[in-house]
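Visitor: Here's a structure for you.
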Amino acid sequence: MAEKTKSKGQQLSDKLFLNLKNCWEDIDQKTEKEVEEFASAYRQFLDNGKTERECVDTACAMLDKNGFVNIDTLEGKKLKTGSKVYQNVRGKSVLAAVIGKKPVVEGFNILGAHIDSPRLDLKQNPLYEESELALFDTHYYGGIKKYQWTTIPLAMHGVFIGEDGKKTTLKIGEEPGDPVFTITDLLPHLAKEQMEKKASEAVEGENLDILAGSRPYDDIEVKEKVKLSILSTLNKQYGITEKDFASAEIEFVPAHKACDVGLDRSMIGAYGHDDRCCAWPALKALTAIAGEKTAPEKTAVCYLSDKEEIGSVGNTGARSVVFENFLSMLCGGTEADLRLCFSRSSMLSADVNAAFDPTYASVFDKKNSSFLGKGLVLSKYTGSGGKYGASDANAEFCAKVQAILNYYNIQWQFGELGKVDKGGGGTIALYAANLGMDVLDCGVPVLSMHSPFEIISKIDLFVTYKGYIAFLHDA
């Protein structure tokens, strides 16, 4: 049957309207295999890196494997075209670069993501006994719905640092046969008052205490037998005493593994998509650039930062000088050269956006939302309450990024974080923009963001990876 000729109006609408396809519709078998392989490697990355320290360890191992050299080990730190270097910042952030052909004063092409995620941190003096149960006292990290963290299996990750500087790494709850932890909740039969409270008050932050044990130490003379039993176990296995918690970094995260979601296996469900689903393709994009026969035109940089979820603070966050210090080492010139380099640099703030959720459609502006399966998301601005806290990318840079993606036939969509005055959020974009760089948020759309089990589309992850490679080549 002959194809019906399109009317003049239909032809015009094809030309003028923004018609986004589902990206699954246009892929062939070869590409579908690549999507699945990329998704499988990403799931492994998530399972290996549930904390920022573990992400850095995984990233540095990948960089070493791909021929990158720790810049702190280079004598004189002399770099040349094609040099591949990285810097591990206190084990919690990492920066990497491939030196390009053009002089550094021409600027860098930068991908900046973060590798911390919402979680539960132990307090400095966390272990206590109550009613013959041992519990850990926590302080939640980042923006969470507190009720989502009760009655789920939790794993214990972190480090203890001895007075001699020796680091003891701990990971309990991830391997088959490991014990897990949990936070208890009220049974419905006794929860009438709790269920009448606002969701934000039904579970209080001070009550997010983790069940650690119930077996007493076998000594009738001891007062806190269960607490002693837990400390005895930790001491035998890790050499830890109670005072060691004061300086430790112990994080509790969901114990489940990343997995496929849906009968069609089109999605990935996991803890930590925000923002590791952008960090992983950013890192992979840089190693792909590093593996090419010729160096990129401009120096390509990947920055995986810490503490974004609490404001990018501290000496491993994007507001610290570590980012500037690393770029300064790459420049190797005067302060004036460095500032000129910043002003000519381009950065994608590789961060997620909220995917439209039909179950909660009332908080989204559907016309300006991102959707699962429709490619990477460009967010001109984030922020809240009148764009407060946004970098608000200029039109020239937005058009430039869109042109690059269009040239490589990479589908992009735009997205805002919900309706005006319904909420909002921030990224590291404004801190790079403060240095004079052109910056645009660009990443993967996510369902159930900041929950213990977030959802992304495999095709969006892969398209984002391809988009990041294109940007490093041509920005």
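Going by the structure tokens order, chains are called A, B, ..., each with residues numbered from 1, while ligands are numbered from 1 in the order shown.
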Could you pull out all residues of range 321-379 of chain A with a DSSP call of helix (DSSP H, G or I) and give them as a ChimeraX atom specification?

Guide: /A:322-331,335-343,358-363,366-368

Visitor: Output as JSON lines one row per residue of range 311-398 of chain A within 12 Å of range 431-450 of chain A: the closest atom pair and its distance in Å to one decimal place, counting only C-alpha atoms, sorted by chain and residue number ascending.

Guide:
```
{"residue": "A:Gly311", "atom": "CA", "partner": "A:Tyr431", "partner_atom": "CA", "distance": 10.5}
{"residue": "A:Ser312", "atom": "CA", "partner": "A:Tyr431", "partner_atom": "CA", "distance": 8.9}
{"residue": "A:Val313", "atom": "CA", "partner": "A:Tyr431", "partner_atom": "CA", "distance": 10.9}
{"residue": "A:Gly317", "atom": "CA", "partner": "A:Tyr431", "partner_atom": "CA", "distance": 10.2}
{"residue": "A:Ala318", "atom": "CA", "partner": "A:Tyr431", "partner_atom": "CA", "distance": 6.7}
{"residue": "A:Arg319", "atom": "CA", "partner": "A:Tyr431", "partner_atom": "CA", "distance": 6.1}
{"residue": "A:Ser320", "atom": "CA", "partner": "A:Tyr431", "partner_atom": "CA", "distance": 9.3}
{"residue": "A:Val321", "atom": "CA", "partner": "A:Tyr431", "partner_atom": "CA", "distance": 10.5}
{"residue": "A:Phe323", "atom": "CA", "partner": "A:Ala432", "partner_atom": "CA", "distance": 8.9}
{"residue": "A:Glu324", "atom": "CA", "partner": "A:Leu435", "partner_atom": "CA", "distance": 8.7}
{"residue": "A:Leu327", "atom": "CA", "partner": "A:Leu435", "partner_atom": "CA", "distance": 11.5}
{"residue": "A:Leu338", "atom": "CA", "partner": "A:Leu435", "partner_atom": "CA", "distance": 10.3}
{"residue": "A:Arg339", "atom": "CA", "partner": "A:Leu435", "partner_atom": "CA", "distance": 7.9}
{"residue": "A:Leu340", "atom": "CA", "partner": "A:Gly436", "partner_atom": "CA", "distance": 9.0}
{"residue": "A:Cys341", "atom": "CA", "partner": "A:Met437", "partner_atom": "CA", "distance": 8.8}
{"residue": "A:Phe342", "atom": "CA", "partner": "A:Met437", "partner_atom": "CA", "distance": 5.6}
{"residue": "A:Ser343", "atom": "CA", "partner": "A:Gly436", "partner_atom": "CA", "distance": 4.8}
{"residue": "A:Arg344", "atom": "CA", "partner": "A:Met437", "partner_atom": "CA", "distance": 6.5}
{"residue": "A:Ser345", "atom": "CA", "partner": "A:Met437", "partner_atom": "CA", "distance": 5.3}
{"residue": "A:Ser346", "atom": "CA", "partner": "A:Asp438", "partner_atom": "CA", "distance": 4.9}
{"residue": "A:Met347", "atom": "CA", "partner": "A:Val439", "partner_atom": "CA", "distance": 4.8}
{"residue": "A:Leu348", "atom": "CA", "partner": "A:Leu440", "partner_atom": "CA", "distance": 5.1}
{"residue": "A:Ser349", "atom": "CA", "partner": "A:Asp441", "partner_atom": "CA", "distance": 4.5}
{"residue": "A:Ala350", "atom": "CA", "partner": "A:Cys442", "partner_atom": "CA", "distance": 5.1}
{"residue": "A:Asp351", "atom": "CA", "partner": "A:Gly443", "partner_atom": "CA", "distance": 4.9}
{"residue": "A:Val352", "atom": "CA", "partner": "A:Gly443", "partner_atom": "CA", "distance": 4.8}
{"residue": "A:Asn353", "atom": "CA", "partner": "A:Pro445", "partner_atom": "CA", "distance": 4.9}
{"residue": "A:Ala354", "atom": "CA", "partner": "A:Val446", "partner_atom": "CA", "distance": 5.2}
{"residue": "A:Ala355", "atom": "CA", "partner": "A:Pro445", "partner_atom": "CA", "distance": 4.8}
{"residue": "A:Phe356", "atom": "CA", "partner": "A:Leu447", "partner_atom": "CA", "distance": 7.5}
{"residue": "A:Asp357", "atom": "CA", "partner": "A:Leu447", "partner_atom": "CA", "distance": 6.9}
{"residue": "A:Pro358", "atom": "CA", "partner": "A:Leu447", "partner_atom": "CA", "distance": 10.5}
{"residue": "A:Thr359", "atom": "CA", "partner": "A:Leu447", "partner_atom": "CA", "distance": 10.8}
{"residue": "A:Tyr360", "atom": "CA", "partner": "A:Ser448", "partner_atom": "CA", "distance": 10.6}
{"residue": "A:Ser369", "atom": "CA", "partner": "A:Pro445", "partner_atom": "CA", "distance": 9.4}
{"residue": "A:Ser370", "atom": "CA", "partner": "A:Pro445", "partner_atom": "CA", "distance": 6.3}
{"residue": "A:Phe371", "atom": "CA", "partner": "A:Pro445", "partner_atom": "CA", "distance": 6.5}
{"residue": "A:Leu372", "atom": "CA", "partner": "A:Pro445", "partner_atom": "CA", "distance": 6.1}
{"residue": "A:Gly373", "atom": "CA", "partner": "A:Pro445", "partner_atom": "CA", "distance": 8.6}
{"residue": "A:Lys374", "atom": "CA", "partner": "A:Pro445", "partner_atom": "CA", "distance": 8.9}
{"residue": "A:Gly375", "atom": "CA", "partner": "A:Val444", "partner_atom": "CA", "distance": 7.6}
{"residue": "A:Leu376", "atom": "CA", "partner": "A:Val444", "partner_atom": "CA", "distance": 5.3}
{"residue": "A:Val377", "atom": "CA", "partner": "A:Gly443", "partner_atom": "CA", "distance": 5.3}
{"residue": "A:Leu378", "atom": "CA", "partner": "A:Cys442", "partner_atom": "CA", "distance": 4.6}
{"residue": "A:Ser379", "atom": "CA", "partner": "A:Asp441", "partner_atom": "CA", "distance": 5.0}
{"residue": "A:Lys380", "atom": "CA", "partner": "A:Leu440", "partner_atom": "CA", "distance": 6.1}
{"residue": "A:Tyr381", "atom": "CA", "partner": "A:Asp441", "partner_atom": "CA", "distance": 7.3}
{"residue": "A:Thr382", "atom": "CA", "partner": "A:Asp441", "partner_atom": "CA", "distance": 8.2}
{"residue": "A:Gly383", "atom": "CA", "partner": "A:Asp441", "partner_atom": "CA", "distance": 11.5}
{"residue": "A:Gly389", "atom": "CA", "partner": "A:Tyr431", "partner_atom": "CA", "distance": 10.0}
{"residue": "A:Ala390", "atom": "CA", "partner": "A:Ala433", "partner_atom": "CA", "distance": 9.7}
{"residue": "A:Ser391", "atom": "CA", "partner": "A:Ala433", "partner_atom": "CA", "distance": 6.4}
{"residue": "A:Asp392", "atom": "CA", "partner": "A:Leu440", "partner_atom": "CA", "distance": 7.8}
{"residue": "A:Ala393", "atom": "CA", "partner": "A:Leu440", "partner_atom": "CA", "distance": 5.6}
{"residue": "A:Asn394", "atom": "CA", "partner": "A:Asp438", "partner_atom": "CA", "distance": 7.8}
{"residue": "A:Ala395", "atom": "CA", "partner": "A:Leu440", "partner_atom": "CA", "distance": 10.2}
{"residue": "A:Glu396", "atom": "CA", "partner": "A:Asp438", "partner_atom": "CA", "distance": 9.3}
{"residue": "A:Phe397", "atom": "CA", "partner": "A:Asp438", "partner_atom": "CA", "distance": 6.6}
{"residue": "A:Cys398", "atom": "CA", "partner": "A:Leu440", "partner_atom": "CA", "distance": 7.0}
```

Visitor: Please indicate the distance in Å from CA of Val301 in chain A to CA of His114 in chain A, rounded to one decimal place.

Guide: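 Computing it gives 14.0 Å between the two atoms.
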
Visitor: Using only C-alpha atoms, what does the table of range 22-101 of chain A residues within 12 Å of range 164-183 of chain A look like, with each row giving the shortest atom pair and its distance in Å to one decimal, sorted by chain and ascending number, as a Markdown table?

Guide:
```
| residue | atom | partner | partner_atom | distance |
| --- | --- | --- | --- | --- |
| A:Asp47 | CA | A:Glu174 | CA | 8.6 |
| A:Asn48 | CA | A:Glu174 | CA | 9.6 |
| A:Gly49 | CA | A:Lys171 | CA | 11.2 |
| A:Lys50 | CA | A:Glu174 | CA | 10.2 |
| A:Thr51 | CA | A:Lys171 | CA | 10.5 |
| A:Arg53 | CA | A:Thr169 | CA | 10.3 |
| A:Glu54 | CA | A:Thr169 | CA | 10.2 |
| A:Gly91 | CA | A:Lys167 | CA | 11.6 |
```

Visitor: Using backbone DSSP assignments, extract all strand (DSSP E) residues from range 52-155 of chain A; output them as a VMD selection string.

Guide: chain A and resid 69 to 70 84 to 89 93 to 98 108 to 114 119 to 130 133 to 141 154 to 155

Visitor: Report as a list in words all protein, DNA and RNA residues lying within 9 Å of Lys257 in chain A, evaluated on only C-alpha atoms, omitting residues in the same chain fewer than 5 positions from it.

Guide: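 Non-adjacent residues within range: Arg43, Gln44, Leu46, Asp47, Glu174, Gly269, Ala270 and Tyr271 of chain A.
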
Visitor: Just to be explicit: take each residue in the selection above, keep C-alpha atoms, and write the result as a tab-separated table (two decimals), in the first residue's frame.

Guide:
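Printed below is part15.tsv as written:
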```
chain	number	residue	atom	x	y	z
A	43	ARG	CA	25.45	-1.78	37.36
A	44	GLN	CA	28.80	-3.22	38.42
A	46	LEU	CA	27.11	1.03	41.27
A	47	ASP	CA	27.54	-2.17	43.26
A	174	GLU	CA	26.89	-6.65	50.55
A	269	GLY	CA	16.76	0.25	39.57
A	270	ALA	CA	19.44	1.04	42.15
A	271	TYR	CA	20.64	3.19	44.99
```

Visitor: Where does range 439-463 of chain A meet range 263-266 of chain A within 10 Å, residue by residue, with the nearest atom pair and distance in Å to one decimal for each, counting only C-alpha atoms, listed by chain and rising number, as a Markdown table?

Guide:
```
| residue | atom | partner | partner_atom | distance |
| --- | --- | --- | --- | --- |
| A:Ile456 | CA | A:Ser266 | CA | 8.8 |
| A:Ser457 | CA | A:Ser266 | CA | 6.1 |
| A:Lys458 | CA | A:Ser266 | CA | 5.9 |
| A:Ile459 | CA | A:Ser266 | CA | 7.6 |
```

Visitor: Give me a file of those residues, with N, CA, C and O atoms, as a PDB file, in the first residue's frame.

Guide:
```pdb
ATOM      1  N   ILE A 456      16.323   4.659  36.299  1.00  0.00           N
ATOM      2  CA  ILE A 456      16.693   5.333  35.057  1.00  0.00           C
ATOM      3  C   ILE A 456      16.457   4.396  33.879  1.00  0.00           C
ATOM      4  O   ILE A 456      16.273   3.188  34.059  1.00  0.00           O
ATOM      5  N   SER A 457      16.482   4.965  32.671  1.00  0.00           N
ATOM      6  CA  SER A 457      16.377   4.166  31.448  1.00  0.00           C
ATOM      7  C   SER A 457      17.771   3.846  30.934  1.00  0.00           C
ATOM      8  O   SER A 457      18.650   4.712  30.898  1.00  0.00           O
ATOM      9  N   LYS A 458      17.975   2.617  30.498  1.00  0.00           N
ATOM     10  CA  LYS A 458      19.267   2.222  29.942  1.00  0.00           C
ATOM     11  C   LYS A 458      19.622   3.052  28.711  1.00  0.00           C
ATOM     12  O   LYS A 458      20.787   3.417  28.513  1.00  0.00           O
ATOM     13  N   ILE A 459      18.619   3.363  27.886  1.00  0.00           N
ATOM     14  CA  ILE A 459      18.899   4.093  26.657  1.00  0.00           C
ATOM     15  C   ILE A 459      19.323   5.530  26.958  1.00  0.00           C
ATOM     16  O   ILE A 459      20.195   6.089  26.295  1.00  0.00           O
TER      17      ILE A 459
END
```
